[in-house]
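Asker: Next comes input_19.txt, compact mmCIF, C-alpha atoms and all ligand atoms:
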```txt
# COMPACT_ATOMS: atom_id res chain seq x y z
CA MET A 1 0.00 0.00 0.00
CA ARG A 2 1.31 3.41 -0.95
CA LYS A 3 1.10 6.35 1.40
CA LYS A 4 -1.66 8.84 0.55
CA ILE A 5 -0.24 12.31 1.01
CA VAL A 6 -1.62 15.83 0.78
CA ALA A 7 1.00 18.55 1.15
CA GLY A 8 0.24 22.27 1.30
CA ASN A 9 2.74 24.68 -0.23
CA TRP A 10 2.13 28.15 1.20
CA LYS A 11 4.80 29.66 -1.09
CA MET A 12 5.74 33.23 0.01
CA ASN A 13 2.39 34.04 1.62
CA LEU A 14 1.00 34.89 5.08
CA ASN A 15 2.37 36.95 7.94
CA TYR A 16 2.84 35.55 11.45
CA GLU A 17 -0.77 35.98 12.63
CA GLU A 18 -2.22 34.66 9.39
CA GLY A 19 0.05 31.61 9.49
CA GLN A 20 -0.89 30.87 13.09
CA LYS A 21 -4.60 31.25 12.35
CA LEU A 22 -4.47 28.97 9.32
CA THR A 23 -2.47 26.32 11.17
CA SER A 24 -4.75 26.37 14.23
CA GLU A 25 -7.79 25.96 12.00
CA ILE A 26 -6.24 23.05 10.12
CA VAL A 27 -5.06 21.30 13.31
CA ASN A 28 -8.49 21.66 14.90
CA MET A 29 -10.42 20.50 11.83
CA TYR A 30 -7.96 17.67 11.34
CA LYS A 31 -8.66 16.40 14.85
CA ASP A 32 -12.42 17.09 14.83
CA GLU A 33 -13.03 15.54 11.43
CA ASN A 34 -11.18 12.38 12.35
CA ILE A 35 -8.91 12.17 9.31
CA LYS A 36 -7.39 8.73 8.93
CA ASP A 37 -4.91 7.15 6.55
CA VAL A 38 -3.81 10.43 4.95
CA THR A 39 -0.41 11.94 5.64
CA VAL A 40 -0.75 15.72 5.71
CA VAL A 41 2.24 18.03 5.39
CA LEU A 42 2.26 21.80 5.92
CA ASN A 43 5.09 23.56 4.08
CA PRO A 44 5.21 27.20 5.22
CA PRO A 45 8.05 29.66 4.58
CA PHE A 46 11.15 29.19 6.76
CA VAL A 47 10.24 31.84 9.35
CA HIS A 48 6.94 30.09 10.10
CA LEU A 49 8.43 26.65 10.65
CA PHE A 50 8.96 26.74 14.38
CA PRO A 51 5.67 28.37 15.41
CA VAL A 52 3.75 26.13 13.01
CA LYS A 53 5.46 23.09 14.50
CA LYS A 54 4.40 24.22 17.97
CA LEU A 55 0.77 24.22 16.88
CA ILE A 56 1.03 20.87 15.10
CA GLY A 57 2.64 19.32 18.17
CA ASN A 58 2.49 15.55 17.98
CA THR A 59 -0.76 15.32 16.02
CA PRO A 60 -0.54 11.91 14.35
CA ASN A 61 -0.02 12.00 10.58
CA LEU A 62 0.26 15.80 10.47
CA PHE A 63 3.79 16.89 9.61
CA LEU A 64 5.91 19.95 9.02
CA GLY A 65 7.86 20.46 5.80
CA SER A 66 9.85 23.25 4.25
CA GLN A 67 9.80 24.59 0.69
CA ASN A 68 13.52 24.30 0.07
CA CYS A 69 16.88 23.52 1.68
CA SER A 70 20.49 24.32 0.91
CA GLU A 71 22.65 21.95 -1.10
CA LYS A 72 25.40 22.64 1.46
CA ALA A 73 25.65 21.10 4.91
CA ALA A 74 26.79 24.23 6.80
CA GLY A 75 29.08 27.25 6.61
CA ALA A 76 29.45 30.69 5.07
CA TYR A 77 26.36 30.68 2.82
CA THR A 78 24.49 33.83 3.84
CA GLY A 79 20.74 33.54 3.61
CA GLU A 80 20.67 29.76 3.26
CA THR A 81 19.00 27.18 5.49
CA SER A 82 20.42 23.69 5.88
CA ALA A 83 18.62 20.36 6.01
CA SER A 84 20.05 19.68 9.47
CA MET A 85 18.60 22.98 10.79
CA LEU A 86 15.20 22.12 9.34
CA LYS A 87 15.25 18.72 10.95
CA SER A 88 16.25 20.19 14.31
CA PHE A 89 13.28 22.60 14.14
CA GLY A 90 10.85 19.74 13.60
CA ALA A 91 10.56 19.44 9.82
CA GLU A 92 10.11 15.96 8.39
CA TYR A 93 9.65 16.81 4.70
CA VAL A 94 11.17 19.22 2.20
CA ILE A 95 9.83 20.25 -1.20
CA LEU A 96 12.67 20.20 -3.73
CA GLY A 97 12.74 21.23 -7.36
CA HIS A 98 9.49 23.17 -7.41
CA SER A 99 9.09 24.73 -10.85
CA GLU A 100 9.24 28.22 -9.31
CA ARG A 101 12.67 27.36 -7.82
CA ARG A 102 13.77 25.90 -11.14
CA GLU A 103 12.59 28.93 -13.12
CA TYR A 104 13.28 31.96 -10.88
CA PHE A 105 16.29 30.63 -8.98
CA LYS A 106 17.79 28.60 -11.81
CA GLU A 107 17.85 25.33 -9.90
CA SER A 108 19.21 22.65 -12.23
CA ASN A 109 18.75 18.90 -12.11
CA GLU A 110 22.37 18.66 -10.96
CA LEU A 111 21.90 21.13 -8.09
CA LEU A 112 18.78 19.23 -7.05
CA THR A 113 20.79 16.03 -6.79
CA ALA A 114 22.88 17.77 -4.11
CA LYS A 115 19.78 19.07 -2.31
CA VAL A 116 18.21 15.62 -2.29
CA ARG A 117 21.46 14.27 -0.83
CA GLN A 118 21.39 16.83 1.98
CA ALA A 119 17.75 16.12 2.76
CA LEU A 120 18.33 12.38 2.95
CA ASP A 121 21.54 12.74 4.97
CA TYR A 122 19.65 14.66 7.66
CA GLY A 123 16.50 12.54 7.72
CA LEU A 124 14.12 14.73 5.71
CA THR A 125 11.78 13.18 3.14
CA PRO A 126 12.17 14.98 -0.19
CA ILE A 127 8.98 15.80 -2.08
CA PHE A 128 10.70 15.95 -5.44
CA CYS A 129 8.85 18.08 -8.00
CA CYS A 130 8.95 17.54 -11.73
CA GLY A 131 6.83 18.81 -14.59
CA GLU A 132 6.87 20.27 -18.06
CA PRO A 133 6.22 23.79 -19.38
CA LEU A 134 3.36 24.43 -21.82
CA GLU A 135 5.53 24.46 -24.96
CA ILE A 136 6.89 21.01 -24.15
CA ARG A 137 3.36 19.69 -23.56
CA GLU A 138 2.26 21.18 -26.87
CA ALA A 139 5.23 19.65 -28.67
CA GLY A 140 4.20 16.26 -27.27
CA THR A 141 7.59 15.60 -25.65
CA HIS A 142 6.42 15.99 -22.04
CA GLU A 143 6.95 12.38 -21.05
CA ALA A 144 10.58 12.35 -22.13
CA TYR A 145 11.16 15.78 -20.57
CA VAL A 146 9.87 14.81 -17.14
CA LYS A 147 11.48 11.39 -17.18
CA ASN A 148 14.79 13.14 -17.83
CA GLN A 149 14.29 15.34 -14.74
CA LEU A 150 13.91 12.18 -12.66
CA THR A 151 16.84 10.44 -14.33
CA GLU A 152 19.24 13.33 -13.86
CA SER A 153 18.35 14.11 -10.24
CA LEU A 154 17.40 10.75 -8.75
CA PHE A 155 18.87 7.84 -10.69
CA GLY A 156 22.19 8.06 -8.82
CA LEU A 157 20.45 7.16 -5.54
CA SER A 158 20.80 3.80 -3.87
CA ALA A 159 17.66 1.66 -3.65
CA GLU A 160 17.56 2.35 0.08
CA ASP A 161 17.61 6.12 -0.44
CA PHE A 162 15.16 6.02 -3.33
CA ALA A 163 12.63 4.28 -1.06
CA LYS A 164 12.42 7.51 0.98
CA ILE A 165 11.49 9.79 -1.95
CA VAL A 166 8.05 11.21 -2.71
CA ILE A 167 7.46 12.50 -6.25
CA ALA A 168 5.18 15.41 -7.15
CA TYR A 169 4.21 15.69 -10.82
CA GLU A 170 3.28 19.32 -11.46
CA PRO A 171 2.69 20.40 -15.05
CA ILE A 172 3.87 24.02 -15.02
CA TRP A 173 0.97 25.18 -17.19
CA ALA A 174 -1.40 24.05 -14.42
CA ILE A 175 0.32 25.71 -11.45
CA GLY A 176 -1.55 28.71 -10.11
CA THR A 177 -3.37 29.09 -13.42
CA GLY A 178 -6.70 27.52 -12.52
CA LYS A 179 -6.09 25.16 -15.45
CA THR A 180 -5.88 21.64 -14.03
CA ALA A 181 -4.58 18.67 -15.94
CA SER A 182 -7.50 16.32 -16.50
CA SER A 183 -7.50 13.27 -14.28
CA ASP A 184 -6.73 11.17 -17.38
CA GLN A 185 -3.75 13.36 -18.27
CA ALA A 186 -2.49 13.09 -14.69
CA GLN A 187 -2.96 9.31 -14.63
CA GLU A 188 -1.19 8.89 -17.95
CA MET A 189 1.87 10.78 -16.71
CA HIS A 190 1.92 9.21 -13.25
CA LYS A 191 1.80 5.75 -14.82
CA ALA A 192 4.59 6.62 -17.24
CA LEU A 193 6.73 8.05 -14.44
CA ARG A 194 6.14 4.99 -12.27
CA GLU A 195 7.24 2.75 -15.16
CA HIS A 196 10.32 4.90 -15.58
CA LEU A 197 11.16 4.58 -11.87
CA ALA A 198 10.58 0.82 -12.11
CA SER A 199 13.07 0.58 -14.98
CA LYS A 200 15.79 1.79 -12.62
CA PHE A 201 14.74 0.77 -9.12
CA GLY A 202 12.48 -2.23 -9.81
CA GLN A 203 8.73 -2.67 -9.89
CA GLU A 204 8.33 -3.20 -6.17
CA ALA A 205 10.15 0.02 -5.28
CA ALA A 206 8.19 1.98 -7.89
CA ASP A 207 4.93 0.51 -6.61
CA HIS A 208 5.78 1.82 -3.14
CA THR A 209 6.57 5.35 -4.30
CA SER A 210 3.87 7.96 -3.69
CA ILE A 211 3.40 10.19 -6.73
CA LEU A 212 1.42 13.35 -5.98
CA TYR A 213 -0.31 15.59 -8.50
CA GLY A 214 0.05 19.37 -8.29
CA GLY A 215 -1.48 22.15 -10.37
CA SER A 216 -4.69 23.98 -9.47
CA CYS A 217 -5.97 21.07 -7.41
CA ASN A 218 -9.05 22.18 -5.46
CA PRO A 219 -12.01 20.71 -3.58
CA GLY A 220 -13.94 20.49 -6.85
CA ASN A 221 -11.47 18.33 -8.77
CA ALA A 222 -9.50 16.47 -6.05
CA LYS A 223 -11.86 13.49 -5.86
CA ASP A 224 -11.60 12.83 -9.58
CA LEU A 225 -7.79 13.21 -9.55
CA PHE A 226 -7.30 11.06 -6.44
CA SER A 227 -9.54 8.32 -7.84
CA LYS A 228 -6.88 7.47 -10.43
CA ALA A 229 -4.77 4.39 -9.83
CA ASP A 230 -1.38 6.10 -9.90
CA VAL A 231 -2.33 9.40 -8.24
CA ASP A 232 -1.45 9.10 -4.56
CA GLY A 233 -2.38 12.57 -3.39
CA GLY A 234 -1.66 16.20 -4.09
CA LEU A 235 0.76 19.06 -3.67
CA ILE A 236 -1.53 22.02 -3.13
CA GLY A 237 -0.63 25.67 -3.59
CA GLY A 238 -3.42 28.26 -3.56
CA ALA A 239 -6.06 26.03 -1.98
CA SER A 240 -3.75 25.21 0.96
CA LEU A 241 -4.14 28.80 2.18
CA LYS A 242 -7.83 28.25 2.97
CA SER A 243 -8.37 25.80 5.81
CA ARG A 244 -11.77 24.56 4.63
CA ASP A 245 -10.61 24.01 1.05
CA PHE A 246 -7.45 22.28 2.21
CA MET A 247 -9.43 19.97 4.51
CA ASP A 248 -11.93 19.17 1.78
CA ILE A 249 -9.06 18.17 -0.50
CA ILE A 250 -7.63 15.95 2.28
CA LYS A 251 -11.05 14.32 2.58
CA SER A 252 -11.28 13.63 -1.17
CA PHE A 253 -9.73 10.14 -1.14
C1 LIG B 301 2.19 24.41 -6.25
O1 LIG B 301 2.64 25.48 -5.94
O2 LIG B 301 2.88 23.39 -6.07
C2 LIG B 301 0.85 24.33 -6.82
C3 LIG B 301 0.42 23.19 -7.28
O3 LIG B 301 0.11 25.51 -6.84
P1 LIG B 301 -1.45 25.66 -7.20
O4 LIG B 301 -2.17 24.57 -6.43
O5 LIG B 301 -1.81 27.02 -6.72
O6 LIG B 301 -1.58 25.47 -8.66
```
Would it be possible to restate this file's structure as structure tokens?
Answerer:
Amino acid sequence: MRKKIVAGNWKMNLNYEEGQKLTSEIVNMYKDENIKDVTVVLNPPFVHLFPVKKLIGNTPNLFLGSQNCSEKAAGAYTGETSASMLKSFGAEYVILGHSERREYFKESNELLTAKVRQALDYGLTPIFCCGEPLEIREAGTHEAYVKNQLTESLFGLSAEDFAKIVIAYEPIWAIGTGKTASSDQAQEMHKALREHLASKFGQEAADHTSILYGGSCNPGNAKDLFSKADVDGGLIGGASLKSRDFMDIIKSF
């Protein structure tokens, strides 16, 4: 059985009070509504991590994650945050390779290999993002493009390390645009990516890897997306900033 996961990516949103309010609402609803069998991860900006962790406490299946980590372990890297710091402040997950990091901060597949290494070395679970831009989708080469992202960043991992990875397929044309991939498009890609992972790490390992969908997922389309055989949950941007919407997505399995 694969883990079902819903992870919220707050991106660069919310001040301290807003972050506390949102987290309290989610924690309370999560407990009241008796959520079972879904791993939920909140990924706020760095400055929110510690206060958000305090509110999450030891709520079962509700975890803290960050949106990035440094590729370096420690040292004179002003402005950076290491995987070991994140772990020590209570994070269990880290989003790596989000398309916004790839595009605006020029994160390459090679750099992401180093970030994945840091995350794994310090006990964080990487949520490794991949996905194609619109022109690649329109050219029909999206499968090869995304497979290459996985090959270049992850295929050097040992089987033991690979077993700790979560994948998030996020077509860039669907992120923050309100334009979701259809559930059939998502399933087609997730299946192809799982086959690609199986070609390197074996069928059993690939069958145990959670592959999340991201891109304008909302309470209205989550059920359809999550009903697909190879869609194991979602990475949620905009809708993770509204507690009710986020909870309704969590309850869509
Ligand atoms: C994301 O940022 O990973 C994302 C999927 O955003 P949105 O849900 O807003 O499209």
Asker: Suppose you want the space between CA of Tyr122 in chain A and CA of Gln67 in chain A; what is it in Å?
Answerer: 15.6 Å
Asker: For ligand LIG 301 (chain B), list the contacting residues at 7 Å or closer, counting only C-alpha atoms and all ligand atoms, as a PyMOL selection string.
Answerer: chain A and resi 9+11+98+170+174-178+214-217+235-239
Asker: If you measure from CA of Ala168 in chain A to CA of Ala139 in chain A, what distance in Å do you get, rounded to one decimal?
Answerer: 21.9 Å
Asker: If I take CA of Met1 in chain A and CA of Gly97 in chain A, how far is one from the other in Å, to one decimal?
Answerer: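 Between CA of Met1 in chain A and CA of Gly97 in chain A the gap works out to 25.8 Å.
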Asker: Can you tell me, as a compact mmCIF listing (two decimals) with C-alpha atoms, in the frame of the given file, what residues are no more than 7 Å from range 205-213 of chain A when counting only C-alpha atoms, ignoring any on the same chain fewer than 4 positions away?
Answerer:
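part_18.txt was written with the following content:
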```txt
# COMPACT_ATOMS: atom_id res chain seq x y z
CA MET A 1 0.00 0.00 0.00
CA ARG A 2 1.31 3.41 -0.95
CA LYS A 3 1.10 6.35 1.40
CA ALA A 163 12.63 4.28 -1.06
CA VAL A 166 8.05 11.21 -2.71
CA ILE A 167 7.46 12.50 -6.25
CA ALA A 168 5.18 15.41 -7.15
CA TYR A 169 4.21 15.69 -10.82
CA GLU A 170 3.28 19.32 -11.46
CA HIS A 190 1.92 9.21 -13.25
CA ARG A 194 6.14 4.99 -12.27
CA LEU A 197 11.16 4.58 -11.87
CA ALA A 198 10.58 0.82 -12.11
CA PHE A 201 14.74 0.77 -9.12
CA VAL A 231 -2.33 9.40 -8.24
CA ASP A 232 -1.45 9.10 -4.56
CA GLY A 233 -2.38 12.57 -3.39
CA GLY A 234 -1.66 16.20 -4.09
CA LEU A 235 0.76 19.06 -3.67
```
Asker: Fewer than 4 positions away in the same chain doesn't count, so skip those; otherwise give me all residues within 8 Å of His196 in chain A, counting only C-alpha atoms, as number ranges by chain.
Answerer: A: 147, 192, 200
Asker: Would you mind telling me which residue in A:Ile250, A:Leu22, A:Ala186, A:Leu111 lies nearest to Thr39 in chain A when using only C-alpha atoms?
Answerer: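 Of the candidates, the smallest distance to Thr39 in chain A is held by A:Ile250.
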Asker: Skipping near chain neighbours, those fewer than 5 positions away, what residues fall within 12 Å of Glu103 in chain A using all atoms listed in the file, listed as a list in words?
Answerer: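 Listing them by chain and then by number gives Gly97, His98, Ser108, Asn109, Gly131, Glu132, Pro133 and Ile172 of chain A.
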Asker: Point out the residue among A:Pro171, A:Gly220, A:Gly75, A:Gly156 with the least atom-to-atom distance to Glu143 in chain A, counting only C-alpha atoms.
Answerer: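 Of all the options, A:Pro171 lies closest to Glu143 in chain A.
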Asker: For range 240-245 of chain A, work out the shell of residues within 12 Å, counting all atoms listed in the file and skipping chain neighbours fewer than 2 positions away, then give it as a PDB file with C-alpha atoms, keeping the file's coordinate frame.
Answerer:
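As written to disk, out-v9.pdb reads:
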```
ATOM      1  CA  VAL A   6      -1.620  15.830   0.780  1.00  0.00           C
ATOM      2  CA  ALA A   7       1.000  18.550   1.150  1.00  0.00           C
ATOM      3  CA  GLY A   8       0.240  22.270   1.300  1.00  0.00           C
ATOM      4  CA  ASN A   9       2.740  24.680  -0.230  1.00  0.00           C
ATOM      5  CA  TRP A  10       2.130  28.150   1.200  1.00  0.00           C
ATOM      6  CA  LYS A  11       4.800  29.660  -1.090  1.00  0.00           C
ATOM      7  CA  MET A  12       5.740  33.230   0.010  1.00  0.00           C
ATOM      8  CA  ASN A  13       2.390  34.040   1.620  1.00  0.00           C
ATOM      9  CA  LEU A  14       1.000  34.890   5.080  1.00  0.00           C
ATOM     10  CA  ASN A  15       2.370  36.950   7.940  1.00  0.00           C
ATOM     11  CA  GLU A  18      -2.220  34.660   9.390  1.00  0.00           C
ATOM     12  CA  GLY A  19       0.050  31.610   9.490  1.00  0.00           C
ATOM     13  CA  GLN A  20      -0.890  30.870  13.090  1.00  0.00           C
ATOM     14  CA  LYS A  21      -4.600  31.250  12.350  1.00  0.00           C
ATOM     15  CA  LEU A  22      -4.470  28.970   9.320  1.00  0.00           C
ATOM     16  CA  THR A  23      -2.470  26.320  11.170  1.00  0.00           C
ATOM     17  CA  SER A  24      -4.750  26.370  14.230  1.00  0.00           C
ATOM     18  CA  GLU A  25      -7.790  25.960  12.000  1.00  0.00           C
ATOM     19  CA  ILE A  26      -6.240  23.050  10.120  1.00  0.00           C
ATOM     20  CA  VAL A  27      -5.060  21.300  13.310  1.00  0.00           C
ATOM     21  CA  ASN A  28      -8.490  21.660  14.900  1.00  0.00           C
ATOM     22  CA  MET A  29     -10.420  20.500  11.830  1.00  0.00           C
ATOM     23  CA  TYR A  30      -7.960  17.670  11.340  1.00  0.00           C
ATOM     24  CA  GLU A  33     -13.030  15.540  11.430  1.00  0.00           C
ATOM     25  CA  VAL A  40      -0.750  15.720   5.710  1.00  0.00           C
ATOM     26  CA  VAL A  41       2.240  18.030   5.390  1.00  0.00           C
ATOM     27  CA  LEU A  42       2.260  21.800   5.920  1.00  0.00           C
ATOM     28  CA  ASN A  43       5.090  23.560   4.080  1.00  0.00           C
ATOM     29  CA  PRO A  44       5.210  27.200   5.220  1.00  0.00           C
ATOM     30  CA  GLY A 176      -1.550  28.710 -10.110  1.00  0.00           C
ATOM     31  CA  GLY A 214       0.050  19.370  -8.290  1.00  0.00           C
ATOM     32  CA  GLY A 215      -1.480  22.150 -10.370  1.00  0.00           C
ATOM     33  CA  SER A 216      -4.690  23.980  -9.470  1.00  0.00           C
ATOM     34  CA  CYS A 217      -5.970  21.070  -7.410  1.00  0.00           C
ATOM     35  CA  ASN A 218      -9.050  22.180  -5.460  1.00  0.00           C
ATOM     36  CA  PRO A 219     -12.010  20.710  -3.580  1.00  0.00           C
ATOM     37  CA  GLY A 220     -13.940  20.490  -6.850  1.00  0.00           C
ATOM     38  CA  ASN A 221     -11.470  18.330  -8.770  1.00  0.00           C
ATOM     39  CA  ALA A 222      -9.500  16.470  -6.050  1.00  0.00           C
ATOM     40  CA  GLY A 234      -1.660  16.200  -4.090  1.00  0.00           C
ATOM     41  CA  LEU A 235       0.760  19.060  -3.670  1.00  0.00           C
ATOM     42  CA  ILE A 236      -1.530  22.020  -3.130  1.00  0.00           C
ATOM     43  CA  GLY A 237      -0.630  25.670  -3.590  1.00  0.00           C
ATOM     44  CA  GLY A 238      -3.420  28.260  -3.560  1.00  0.00           C
ATOM     45  CA  MET A 247      -9.430  19.970   4.510  1.00  0.00           C
ATOM     46  CA  ASP A 248     -11.930  19.170   1.780  1.00  0.00           C
ATOM     47  CA  ILE A 249      -9.060  18.170  -0.500  1.00  0.00           C
ATOM     48  CA  ILE A 250      -7.630  15.950   2.280  1.00  0.00           C
ATOM     49  CA  LYS A 251     -11.050  14.320   2.580  1.00  0.00           C
ATOM     50  CA  SER A 252     -11.280  13.630  -1.170  1.00  0.00           C
TER      51      SER A 252
END
```
Asker: Looking at A:Ile56, A:Ile127, A:Leu193, A:Ala181, which one is nearest to Leu150 in chain A, with distances taken over all atoms listed in the file?
Answerer: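 Ranking A:Ile56, A:Ile127, A:Leu193, A:Ala181 by distance to Leu150 in chain A, first place goes to A:Leu193.
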